[in-house]
file coords-v1.cif (mmCIF, C-alpha atoms)
data_final
loop_
_atom_site.label_atom_id
_atom_site.label_comp_id
_atom_site.auth_asym_id
_atom_site.auth_seq_id
_atom_site.Cartn_x
_atom_site.Cartn_y
_atom_site.Cartn_z
CA MET A 266 -14.24 -36.04 -27.17
CA GLU A 267 -15.53 -32.68 -28.19
CA ASN A 268 -13.23 -29.74 -28.47
CA ILE A 269 -14.87 -27.88 -25.58
CA SER A 270 -14.49 -30.73 -23.13
CA LEU A 271 -10.89 -31.17 -24.31
CA VAL A 272 -10.27 -27.52 -23.45
CA ALA A 273 -11.88 -28.01 -20.04
CA VAL A 274 -9.81 -31.09 -19.25
CA ALA A 275 -6.60 -29.47 -20.41
CA SER A 276 -7.35 -26.28 -18.42
CA ILE A 277 -8.03 -28.09 -15.16
CA ILE A 278 -5.00 -30.36 -15.43
CA ALA A 279 -2.77 -27.45 -16.46
CA ALA A 280 -3.99 -25.30 -13.58
CA GLY A 281 -3.32 -28.04 -11.05
CA LEU A 282 0.12 -28.80 -12.46
CA THR A 283 1.00 -25.09 -12.58
CA MET A 284 0.32 -24.67 -8.89
CA ALA A 285 1.90 -28.00 -7.92
CA ILE A 286 5.18 -27.56 -9.78
CA GLY A 287 5.32 -23.79 -9.54
CA SER A 288 5.10 -23.65 -5.76
CA VAL A 289 7.97 -26.09 -5.13
CA GLY A 290 10.77 -23.74 -6.10
CA PRO A 291 9.55 -20.65 -4.19
CA ALA A 292 8.84 -22.79 -1.12
CA LEU A 293 12.39 -24.13 -1.07
CA GLY A 294 13.81 -20.67 -1.72
CA MET A 295 11.76 -18.97 0.99
CA GLY A 296 12.67 -21.68 3.47
CA GLN A 297 16.34 -21.19 2.81
CA ALA A 298 16.05 -17.39 2.97
CA ILE A 299 14.25 -17.48 6.33
CA GLN A 300 16.72 -20.01 7.70
CA GLN A 301 19.67 -17.81 6.82
CA ALA A 302 17.96 -14.68 8.11
CA LEU A 303 17.14 -16.32 11.43
CA ALA A 304 20.73 -17.47 11.79
CA ALA A 305 21.93 -13.95 11.01
CA ILE A 306 19.52 -12.38 13.54
CA ALA A 307 20.65 -14.89 16.17
CA GLN A 308 24.26 -13.89 15.53
CA GLN A 309 23.67 -10.13 15.36
CA PRO A 310 20.49 -9.11 17.19
CA ASP A 311 21.41 -5.43 16.78
CA GLU A 312 21.01 -5.64 13.01
CA ARG A 313 17.50 -7.01 13.40
CA ASN A 314 15.71 -4.08 11.71
CA SER A 315 17.71 -3.97 8.52
CA LEU A 316 17.82 -7.78 8.32
CA THR A 317 14.05 -8.01 8.67
CA ARG A 318 13.48 -5.36 6.02
CA THR A 319 15.82 -7.04 3.57
CA LEU A 320 14.21 -10.39 4.37
CA PHE A 321 10.74 -9.05 3.59
CA VAL A 322 11.84 -7.51 0.32
CA GLY A 323 13.58 -10.74 -0.68
CA LEU A 324 10.60 -12.85 0.32
CA ALA A 325 8.35 -10.63 -1.78
CA MET A 326 10.63 -11.16 -4.76
CA ILE A 327 10.64 -14.94 -4.30
CA GLU A 328 6.95 -15.09 -3.58
CA SER A 329 6.06 -13.24 -6.76
CA ILE A 330 7.12 -16.32 -8.76
CA ALA A 331 4.52 -18.41 -6.95
CA ILE A 332 2.02 -15.58 -7.44
CA TYR A 333 2.65 -15.62 -11.20
CA CYS A 334 1.79 -19.33 -11.21
CA PHE A 335 -1.36 -18.68 -9.21
CA VAL A 336 -2.50 -15.86 -11.51
CA ILE A 337 -1.89 -18.02 -14.57
CA SER A 338 -3.86 -20.92 -13.12
CA MET A 339 -6.69 -18.53 -12.22
CA ILE A 340 -6.71 -17.18 -15.78
CA VAL A 341 -6.70 -20.70 -17.19
CA ILE A 342 -9.68 -21.71 -15.05
CA PHE A 343 -11.83 -18.57 -14.90
CA ALA A 344 -10.83 -16.38 -17.81
CA ASN A 345 -9.60 -18.85 -20.38
CA PRO A 346 -9.31 -17.14 -23.77
CA PHE A 347 -9.78 -20.46 -25.63
CA TRP A 348 -13.30 -21.02 -24.29
CA GLY A 349 -14.74 -18.21 -26.38
CA TYR A 350 -12.93 -19.37 -29.49
CA PHE A 351 -14.17 -22.96 -29.31
CA ILE A 352 -17.70 -22.01 -28.25
CA LYS A 353 -17.91 -19.66 -31.23
CA ALA A 354 -16.45 -22.30 -33.55
CA GLY A 355 -18.72 -25.03 -32.18
CA GLY A 356 -21.99 -23.12 -32.17
CA MET B 241 -22.95 -10.15 1.23
CA GLU B 242 -21.45 -11.40 -1.98
CA ILE B 243 -20.56 -8.81 -4.55
CA VAL B 244 -17.90 -10.54 -6.60
CA GLN B 245 -18.81 -14.07 -7.68
CA ILE B 246 -16.25 -16.81 -7.16
CA SER B 247 -15.86 -17.18 -10.92
CA GLN B 248 -15.06 -13.48 -11.46
CA ILE B 249 -11.39 -12.79 -10.92
CA SER B 250 -11.74 -9.02 -10.89
CA PRO B 251 -14.24 -6.56 -9.36
CA ASP B 252 -14.04 -4.68 -12.67
CA GLN B 253 -16.60 -7.12 -14.01
CA VAL B 254 -19.23 -6.06 -11.45
CA ILE B 255 -21.20 -3.11 -12.80
CA ILE B 256 -22.92 -1.39 -9.89
CA TRP B 257 -24.54 1.51 -11.69
CA SER B 258 -24.67 2.49 -15.33
CA TRP B 259 -26.19 5.35 -17.26
CA GLY B 260 -25.66 5.32 -20.98
CA PHE B 261 -21.98 4.82 -21.64
CA ILE B 262 -20.99 5.81 -18.08
CA LYS B 263 -20.46 2.69 -16.01
CA ILE B 264 -19.48 2.64 -12.34
CA ASN B 265 -17.94 -0.70 -11.47
CA ALA B 266 -17.08 -2.01 -8.03
CA THR B 267 -13.41 -1.05 -8.35
CA ILE B 268 -14.15 2.62 -8.98
CA LEU B 269 -16.75 2.78 -6.22
CA TYR B 270 -14.52 1.27 -3.55
CA THR B 271 -11.43 3.19 -4.66
CA TRP B 272 -13.34 6.43 -4.18
CA LEU B 273 -14.68 5.16 -0.88
CA VAL B 274 -11.17 4.49 0.42
CA MET B 275 -9.95 7.85 -0.86
CA ALA B 276 -12.92 9.59 0.80
CA ILE B 277 -12.24 7.89 4.14
CA LEU B 278 -8.56 8.87 4.02
CA LEU B 279 -9.36 12.46 3.03
CA ILE B 280 -12.19 13.07 5.49
CA VAL B 281 -10.40 11.49 8.45
CA SER B 282 -7.20 13.42 7.87
CA TRP B 283 -9.14 16.65 7.26
CA LEU B 284 -11.12 16.20 10.46
CA VAL B 285 -8.00 15.46 12.46
CA THR B 286 -5.73 18.16 11.06
CA ARG B 287 -8.46 20.79 11.36
CA ASP B 288 -7.49 21.67 14.90
CA LEU B 289 -3.92 20.63 15.52
CA SER B 290 -2.40 21.61 18.82
CA THR B 291 1.11 21.75 20.23
CA GLU B 292 -0.13 21.78 23.82
CA ILE B 293 0.37 18.95 26.27
CA ASN B 294 -3.20 17.81 25.79
CA VAL B 295 -3.33 16.39 22.28
CA SER B 296 -6.41 14.68 20.91
CA ARG B 297 -6.30 10.91 20.42
CA TRP B 298 -6.65 11.14 16.68
CA GLN B 299 -3.78 13.57 16.39
CA HIS B 300 -1.65 11.12 18.37
CA PHE B 301 -2.71 8.35 16.02
CA LEU B 302 -1.83 10.29 12.87
CA GLU B 303 1.46 11.45 14.38
CA VAL B 304 2.44 7.87 15.16
CA VAL B 305 1.56 6.73 11.64
CA ILE B 306 3.40 9.57 9.93
CA SER B 307 6.48 9.38 12.12
CA THR B 308 6.71 5.61 11.58
CA ILE B 309 6.55 6.07 7.82
CA ARG B 310 9.09 8.87 7.97
CA GLY B 311 11.43 6.80 10.15
CA GLU B 312 11.27 3.82 7.80
CA ILE B 313 11.99 6.03 4.79
CA SER B 314 14.83 7.91 6.44
CA GLU B 315 16.50 4.58 7.26
CA MET B 316 16.63 3.79 3.55
CA ALA B 317 17.46 7.26 2.17
CA LYS B 318 19.45 9.29 4.59
CA GLU B 319 19.27 12.52 2.62
CA GLY B 320 16.05 14.34 1.83
CA ALA B 321 13.81 11.62 3.23
CA ASP B 322 10.94 14.10 3.52
CA ASN B 323 10.79 14.39 -0.28
CA TYR B 324 9.64 10.80 -0.51
CA VAL B 325 7.14 10.79 2.36
CA PRO B 326 4.16 12.13 0.32
CA LEU B 327 4.40 9.49 -2.42
CA ILE B 328 5.46 6.46 -0.39
CA GLY B 329 3.21 7.34 2.54
CA THR B 330 0.19 7.77 0.31
CA LEU B 331 0.83 4.46 -1.41
CA PHE B 332 1.18 2.70 1.94
CA LEU B 333 -1.91 4.30 3.48
CA PHE B 334 -4.12 3.68 0.44
CA ILE B 335 -3.09 0.04 -0.01
CA GLY B 336 -3.09 -0.61 3.71
CA LEU B 337 -6.55 0.84 4.31
CA SER B 338 -8.11 -0.94 1.34
CA ASN B 339 -6.58 -4.23 2.50
CA ILE B 340 -7.73 -3.78 6.09
CA LEU B 341 -11.31 -2.91 5.12
CA VAL B 342 -11.69 -6.37 3.54
CA VAL B 343 -13.06 -7.61 6.89
CA VAL B 344 -16.05 -5.29 6.49
CA PRO B 345 -18.86 -7.29 4.86
CA GLY B 346 -19.74 -6.04 1.41
CA PHE B 347 -16.42 -4.35 0.86
CA VAL B 348 -14.30 -5.48 -2.06
CA ALA B 349 -10.68 -4.39 -1.88
CA PRO B 350 -9.88 -2.21 -4.90
CA THR B 351 -6.40 -3.72 -4.79
CA SER B 352 -7.87 -7.08 -5.79
CA SER B 353 -8.37 -5.64 -9.28
CA ILE B 354 -5.39 -5.64 -11.61
CA THR B 355 -6.29 -2.21 -12.97
CA THR B 356 -5.82 -0.52 -9.58
CA THR B 357 -2.51 -2.21 -8.90
CA ALA B 358 -1.32 -1.43 -12.42
CA ALA B 359 -2.17 2.23 -11.89
CA LEU B 360 -0.23 2.29 -8.62
CA ALA B 361 2.76 0.53 -10.19
CA ILE B 362 2.73 2.99 -13.11
CA CYS B 363 2.83 5.84 -10.59
CA VAL B 364 6.04 4.32 -9.21
CA PHE B 365 7.34 3.71 -12.74
CA VAL B 366 6.91 7.43 -13.52
CA ALA B 367 8.16 8.62 -10.13
CA VAL B 368 11.49 6.77 -10.33
CA PRO B 369 12.97 8.79 -13.25
CA LEU B 370 11.40 12.00 -11.93
CA TYR B 371 13.15 11.69 -8.58
CA GLY B 372 16.34 10.50 -10.29
CA ILE B 373 16.46 13.48 -12.64
CA ALA B 374 15.56 15.92 -9.88
CA GLN B 375 18.37 14.55 -7.73
CA ASN B 376 21.19 13.99 -10.22
CA GLY B 377 20.29 15.88 -13.38
CA LEU B 378 19.19 14.44 -16.71
CA LEU B 379 22.61 13.46 -18.07
CA HIS B 380 23.74 11.70 -14.95
CA TYR B 381 20.45 9.82 -14.76
CA LEU B 382 20.65 8.70 -18.39
CA LYS B 383 24.27 7.65 -17.91
CA GLU B 384 23.12 5.09 -15.36
CA TYR B 385 21.42 3.19 -18.19
CA PHE B 386 24.76 2.68 -19.94
CA GLN B 387 26.62 1.24 -16.95
CA PRO B 388 28.97 -0.62 -17.17
CA ASN B 389 28.82 -0.20 -20.99
CA PHE B 390 26.28 0.40 -23.73
CA ILE B 391 25.46 -3.31 -24.21
CA PHE B 392 23.55 -3.22 -20.94
CA PHE B 393 21.07 -0.56 -22.08
CA PRO B 394 18.33 -3.03 -23.15
CA PHE B 395 18.71 -4.99 -19.91
CA HIS B 396 18.23 -1.86 -17.80
CA VAL B 397 15.08 -1.00 -19.78
CA MET B 398 13.80 -4.57 -19.45
CA GLY B 399 14.49 -4.43 -15.73
CA GLU B 400 12.43 -1.25 -15.33
CA LEU B 401 9.49 -2.74 -17.22
CA SER B 402 9.57 -6.16 -15.60
CA ARG B 403 9.77 -4.82 -12.08
CA THR B 404 6.71 -2.67 -12.78
CA LEU B 405 4.91 -5.81 -13.95
CA ALA B 406 6.12 -7.69 -10.87
CA LEU B 407 4.88 -4.91 -8.57
CA THR B 408 1.47 -5.05 -10.27
CA VAL B 409 0.99 -8.79 -10.26
CA ARG B 410 2.36 -9.31 -6.73
CA LEU B 411 -0.18 -7.05 -5.03
CA PHE B 412 -3.05 -8.16 -7.28
CA GLY B 413 -2.25 -11.85 -6.88
CA ASN B 414 -1.90 -11.72 -3.12
CA ILE B 415 -5.15 -9.88 -2.42
CA MET B 416 -7.17 -11.66 -5.10
CA SER B 417 -5.90 -15.07 -4.00
CA HIS B 418 -6.83 -14.35 -0.40
CA GLU B 419 -10.40 -13.53 -1.40
CA LYS B 420 -10.68 -16.66 -3.53
CA VAL B 421 -9.18 -18.88 -0.82
CA VAL B 422 -11.66 -17.59 1.76
CA GLY B 423 -14.51 -18.11 -0.71
CA ILE B 424 -13.48 -21.70 -1.41
CA LEU B 425 -12.92 -22.46 2.30
CA LEU B 426 -16.44 -21.16 3.07
CA ALA B 427 -17.77 -23.92 0.84
CA VAL B 428 -15.50 -26.63 2.29
CA THR B 429 -15.30 -25.87 6.03
CA PRO B 430 -17.86 -23.22 6.97
CA LEU B 431 -18.17 -21.16 10.17
CA LEU B 432 -14.83 -21.28 11.99
CA PHE B 433 -11.89 -21.78 9.69
CA PRO B 434 -12.62 -18.86 7.32
CA ILE B 435 -12.40 -16.50 10.31
CA ILE B 436 -8.82 -17.60 10.95
CA MET B 437 -8.08 -17.08 7.27
CA GLN B 438 -9.56 -13.58 7.48
CA ALA B 439 -7.25 -12.79 10.39
CA LEU B 440 -4.34 -14.08 8.35
CA GLY B 441 -5.60 -11.92 5.48
CA LEU B 442 -5.28 -8.80 7.61
CA LEU B 443 -1.63 -9.67 8.27
CA ILE B 444 -0.99 -10.40 4.59
CA GLY B 445 -2.68 -7.15 3.57
CA ILE B 446 -0.50 -5.04 5.85
CA ILE B 447 2.65 -6.90 4.82
CA GLN B 448 1.81 -6.40 1.15
CA ALA B 449 1.22 -2.68 1.66
CA TYR B 450 4.56 -2.49 3.49
CA ILE B 451 6.32 -4.43 0.75
CA PHE B 452 4.83 -2.26 -1.99
CA ALA B 453 5.98 0.91 -0.22
CA ILE B 454 9.43 -0.49 0.62
CA LEU B 455 10.00 -1.78 -2.92
CA SER B 456 9.03 1.53 -4.51
CA MET B 457 11.36 3.24 -2.04
CA VAL B 458 14.16 0.83 -3.02
CA TYR B 459 13.58 1.59 -6.70
CA ILE B 460 13.56 5.35 -6.12
CA ALA B 461 16.62 5.11 -3.88
CA SER B 462 18.49 3.14 -6.53
CA ALA B 463 17.67 5.80 -9.13
CA THR B 464 18.77 8.67 -6.90
CA SER B 465 21.73 6.58 -5.65
CA ALA B 466 20.97 7.95 -2.21
CA HIS B 467 20.97 4.33 -1.09
CA GLU B 468 24.74 3.74 -1.10
CA GLU B 469 25.44 7.10 0.51
CA GLY B 470 22.90 6.23 3.15
CA HIS B 471 24.78 3.02 3.90
CA LYS B 472 28.04 4.92 4.17
CA HIS B 473 26.42 7.32 6.62
CA GLU B 474 25.04 4.42 8.57
CA GLU B 475 28.46 2.79 8.82
CA LEU B 476 29.96 6.10 9.92
CA HIS B 477 27.32 6.44 12.61
CA LYS B 478 27.91 2.85 13.70
CA ALA B 479 31.65 3.44 13.90
CA GLU B 480 31.15 6.61 15.92
CA ALA B 481 28.71 4.90 18.24
CA SER B 482 30.97 1.93 18.90
CA GLU B 483 33.91 4.25 19.52
CA GLY B 484 31.80 6.12 22.03
CA VAL B 485 30.95 2.85 23.76
CA THR B 486 34.53 1.66 23.99
CA ALA B 487 35.76 5.09 25.10
#

call {"tool": "encode", "arguments": {"input": "coords-v1.cif", "output": "structure tokens"}}
result
Amino acid sequence: MENISLVAVASIIAAGLTMAIGSVGPALGMGQAIQQALAAIAQQPDERNSLTRTLFVGLAMIESIAIYCFVISMIVIFANPFWGYFIKAGG
Amino acid sequence: MEIVQISQISPDQVIIWSWGFIKINATILYTWLVMAILLIVSWLVTRDLSTEINVSRWQHFLEVVISTIRGEISEMAKEGADNYVPLIGTLFLFIGLSNILVVVPGFVAPTSSITTTAALAICVFVAVPLYGIAQNGLLHYLKEYFQPNFIFFPFHVMGELSRTLALTVRLFGNIMSHEKVVGILLAVTPLLFPIIMQALGLLIGIIQAYIFAILSMVYIASATSAHEEGHKHEELHKAEASEGVTA
């Protein structure tokens, strides 16, 4: 196989794997966080505002890990730095 | 109307107008558009403010927005909450408006470009030490970096840098991913399903603006250490209130 098609194959597989593996952990974490927050709100409905705010901030922190994976897979597919190198080397 | 192609991950790559070395790309155009809308609307509304019983609708609207922002901030920092309203409120309004306007055809959210979000995050990065020094003095602020001892200095610096990066990439990734997901869904299931995704995008946009504002407020509050005092005040208030109830 040529180098360019190798890069393409590797990019697509890597992007898929990045999203597949990288979204497992945040999904589990967010599920657990929401479960605990719901239990806490059910126990103390008066504290709803501060619980919700803390929950959102925590969810944003957890979610950013999945977002990193997404950005990396986008870069690998659409803005791959190795394309230019191999196209220049090939032609 | 399609301005950003599906293969372009940033509206920076779309040059709308160029003259010599001056290039206006989509990000700059829409950033200025959002800023102009914010400025003109608030100028028009605040031009004739009234304290009478009959208040115009738009004044009501702005009052609700501002008092909500102020209430949220004063819950996090009990003291001097009004100092933070200009910065945090502006961040929230700018991000929120540019995320809401995504439903307008032909509009590209400036927050879907990493340069805009990086600029906003750098504003927060600069504002945190400024507020900290203004509140506690230079020495006290610098001493926070050496808590609990001097070994932790590099970790504090790393924390400052990495949370700026996280702030940047979170907003950029969320908004950009929403645009790409809608674009891909248009090709797979046209007509109905993308509309639902757009509605979801409005929710995500507002939540992201809220999170950006709240996180920058958390960072500023941790630098001014107004956060812990705020909690103490809150507990005091709670204790007083419950005593009042039982008595």

call {"tool": "atom_distance", "arguments": {"input": "coords-v1.cif", "atom1": "CA of Gly399 in chain B", "atom2": "CA of Leu370 in chain B"}}
result
17.1 Å

call {"tool": "interface_residues", "arguments": {"input": "coords-v1.cif", "of": "chain A", "to": "chain B", "cutoff": "6 Å", "atoms": "only C-alpha atoms", "output": "list in words"}}
result
Ser329, Ile332 and Phe343 of chain A

call {"tool": "residues_around", "arguments": {"input": "coords-v1.cif", "residues": "Thr271 in chain B", "least_positions_apart": "2", "cutoff": "12 Å", "atoms": "all atoms listed in the file", "output": "ChimeraX atom specification"}}
result
/B:251-252,264-269,273-278,334-335,337-339,341,347-353,355-357,359-360

call {"tool": "write_last_selection", "arguments": {"input": "coords-v1.cif", "atoms": "C-alpha atoms", "output": "PDB file, keeping the file's coordinate frame"}}
result
ATOM      1  CA  PRO B 251     -14.240  -6.560  -9.360  1.00  0.00           C
ATOM      2  CA  ASP B 252     -14.040  -4.680 -12.670  1.00  0.00           C
ATOM      3  CA  ILE B 264     -19.480   2.640 -12.340  1.00  0.00           C
ATOM      4  CA  ASN B 265     -17.940  -0.700 -11.470  1.00  0.00           C
ATOM      5  CA  ALA B 266     -17.080  -2.010  -8.030  1.00  0.00           C
ATOM      6  CA  THR B 267     -13.410  -1.050  -8.350  1.00  0.00           C
ATOM      7  CA  ILE B 268     -14.150   2.620  -8.980  1.00  0.00           C
ATOM      8  CA  LEU B 269     -16.750   2.780  -6.220  1.00  0.00           C
ATOM      9  CA  LEU B 273     -14.680   5.160  -0.880  1.00  0.00           C
ATOM     10  CA  VAL B 274     -11.170   4.490   0.420  1.00  0.00           C
ATOM     11  CA  MET B 275      -9.950   7.850  -0.860  1.00  0.00           C
ATOM     12  CA  ALA B 276     -12.920   9.590   0.800  1.00  0.00           C
ATOM     13  CA  ILE B 277     -12.240   7.890   4.140  1.00  0.00           C
ATOM     14  CA  LEU B 278      -8.560   8.870   4.020  1.00  0.00           C
ATOM     15  CA  PHE B 334      -4.120   3.680   0.440  1.00  0.00           C
ATOM     16  CA  ILE B 335      -3.090   0.040  -0.010  1.00  0.00           C
ATOM     17  CA  LEU B 337      -6.550   0.840   4.310  1.00  0.00           C
ATOM     18  CA  SER B 338      -8.110  -0.940   1.340  1.00  0.00           C
ATOM     19  CA  ASN B 339      -6.580  -4.230   2.500  1.00  0.00           C
ATOM     20  CA  LEU B 341     -11.310  -2.910   5.120  1.00  0.00           C
ATOM     21  CA  PHE B 347     -16.420  -4.350   0.860  1.00  0.00           C
ATOM     22  CA  VAL B 348     -14.300  -5.480  -2.060  1.00  0.00           C
ATOM     23  CA  ALA B 349     -10.680  -4.390  -1.880  1.00  0.00           C
ATOM     24  CA  PRO B 350      -9.880  -2.210  -4.900  1.00  0.00           C
ATOM     25  CA  THR B 351      -6.400  -3.720  -4.790  1.00  0.00           C
ATOM     26  CA  SER B 352      -7.870  -7.080  -5.790  1.00  0.00           C
ATOM     27  CA  SER B 353      -8.370  -5.640  -9.280  1.00  0.00           C
ATOM     28  CA  THR B 355      -6.290  -2.210 -12.970  1.00  0.00           C
ATOM     29  CA  THR B 356      -5.820  -0.520  -9.580  1.00  0.00           C
ATOM     30  CA  THR B 357      -2.510  -2.210  -8.900  1.00  0.00           C
ATOM     31  CA  ALA B 359      -2.170   2.230 -11.890  1.00  0.00           C
ATOM     32  CA  LEU B 360      -0.230   2.290  -8.620  1.00  0.00           C
TER      33      LEU B 360
END

call {"tool": "residues_near_point", "arguments": {"input": "coords-v1.cif", "point": "(-14.8, -24.2, -6.7)", "cutoff": "12 Å", "atoms": "all atoms listed in the file", "output": "NGL selection string"}}
result
(:A and (277 or 339 or 342-343)) or (:B and (245-248 or 420-428))

call {"tool": "residues_around", "arguments": {"input": "coords-v1.cif", "residues": "Ala298 in chain A", "least_positions_apart": "2", "cutoff": "8 Å", "atoms": "only C-alpha atoms", "output": "PyMOL selection string"}}
result
chain A and resi 294-296+300-302+320+323-324

call {"tool": "write_last_selection", "arguments": {"input": "coords-v1.cif", "atoms": "C-alpha atoms", "output": "CSV table (one decimal), keeping the file's coordinate frame"}}
result
chain,number,residue,atom,x,y,z
A,294,GLY,CA,13.8,-20.7,-1.7
A,295,MET,CA,11.8,-19.0,1.0
A,296,GLY,CA,12.7,-21.7,3.5
A,300,GLN,CA,16.7,-20.0,7.7
A,301,GLN,CA,19.7,-17.8,6.8
A,302,ALA,CA,18.0,-14.7,8.1
A,320,LEU,CA,14.2,-10.4,4.4
A,323,GLY,CA,13.6,-10.7,-0.7
A,324,LEU,CA,10.6,-12.8,0.3

call {"tool": "resolve_selection", "arguments": {"input": "coords-v1.cif", "expression": "the PyMOL selection byres ((chain A and resi 330) around 9)", "output": "mmCIF file with C-alpha atoms, in the coordinates of the input"}}
result
data_model
loop_
_atom_site.group_PDB
_atom_site.id
_atom_site.type_symbol
_atom_site.label_atom_id
_atom_site.label_comp_id
_atom_site.auth_asym_id
_atom_site.auth_seq_id
_atom_site.Cartn_x
_atom_site.Cartn_y
_atom_site.Cartn_z
ATOM 1 C CA GLY A 287 5.320 -23.790 -9.540
ATOM 2 C CA SER A 288 5.100 -23.650 -5.760
ATOM 3 C CA GLY A 290 10.770 -23.740 -6.100
ATOM 4 C CA PRO A 291 9.550 -20.650 -4.190
ATOM 5 C CA MET A 326 10.630 -11.160 -4.760
ATOM 6 C CA ILE A 327 10.640 -14.940 -4.300
ATOM 7 C CA GLU A 328 6.950 -15.090 -3.580
ATOM 8 C CA SER A 329 6.060 -13.240 -6.760
ATOM 9 C CA ALA A 331 4.520 -18.410 -6.950
ATOM 10 C CA ILE A 332 2.020 -15.580 -7.440
ATOM 11 C CA TYR A 333 2.650 -15.620 -11.200
ATOM 12 C CA CYS A 334 1.790 -19.330 -11.210
ATOM 13 C CA PHE A 335 -1.360 -18.680 -9.210
ATOM 14 C CA ALA B 406 6.120 -7.690 -10.870
ATOM 15 C CA ARG B 410 2.360 -9.310 -6.730
#

call {"tool": "atom_distance", "arguments": {"input": "coords-v1.cif", "atom1": "CA of Arg318 in chain A", "atom2": "CA of Val289 in chain A"}}
result
24.2 Å

call {"tool": "closest_residue", "arguments": {"input": "coords-v1.cif", "among": "B:Ile255, B:Val368, B:Val295, B:Leu401", "to": "Tyr324 in chain B", "atoms": "all atoms listed in the file"}}
result
B:Val368

call {"tool": "resolve_selection", "arguments": {"input": "coords-v1.cif", "expression": "the PyMOL selection byres ((chain A and resi 351) around 10)", "output": "PyMOL selection string"}}
result
chain A and resi 267-270+272+346-350+352-356

call {"tool": "write_last_selection", "arguments": {"input": "coords-v1.cif", "atoms": "C-alpha atoms", "output": "short mmCIF file (atom, residue, chain, number, x, y, z; two decimals), in the coordinates of the input"}}
result
data_model
loop_
_atom_site.label_atom_id
_atom_site.label_comp_id
_atom_site.auth_asym_id
_atom_site.auth_seq_id
_atom_site.Cartn_x
_atom_site.Cartn_y
_atom_site.Cartn_z
CA GLU A 267 -15.53 -32.68 -28.19
CA ASN A 268 -13.23 -29.74 -28.47
CA ILE A 269 -14.87 -27.88 -25.58
CA SER A 270 -14.49 -30.73 -23.13
CA VAL A 272 -10.27 -27.52 -23.45
CA PRO A 346 -9.31 -17.14 -23.77
CA PHE A 347 -9.78 -20.46 -25.63
CA TRP A 348 -13.30 -21.02 -24.29
CA GLY A 349 -14.74 -18.21 -26.38
CA TYR A 350 -12.93 -19.37 -29.49
CA ILE A 352 -17.70 -22.01 -28.25
CA LYS A 353 -17.91 -19.66 -31.23
CA ALA A 354 -16.45 -22.30 -33.55
CA GLY A 355 -18.72 -25.03 -32.18
CA GLY A 356 -21.99 -23.12 -32.17
#

call {"tool": "closest_residue", "arguments": {"input": "coords-v1.cif", "among": "B:Gly377, B:Gly329, B:Pro345, B:Gly372", "to": "Ile309 in chain B", "atoms": "all atoms listed in the file"}}
result
B:Gly329

call {"tool": "resolve_selection", "arguments": {"input": "coords-v1.cif", "expression": "the PyMOL selection byres ((chain A and resi 279) around 12)", "output": "PyMOL selection string"}}
result
chain A and resi 271-278+280-287+334-335+337-342+345

call {"tool": "atom_distance", "arguments": {"input": "coords-v1.cif", "atom1": "CA of Leu405 in chain B", "atom2": "CA of Ser250 in chain B"}}
result
17.2 Å

call {"tool": "axis_aligned_box", "arguments": {"input": "coords-v1.cif", "around": "range 289-296 of chain A", "padding_each_side": "3 Å", "output": "lines of an AutoDock Vina configuration file"}}
result
center_x = 10.9
center_y = -22.5
center_z = -1.3
size_x = 11.8
size_y = 13.1
size_z = 15.6
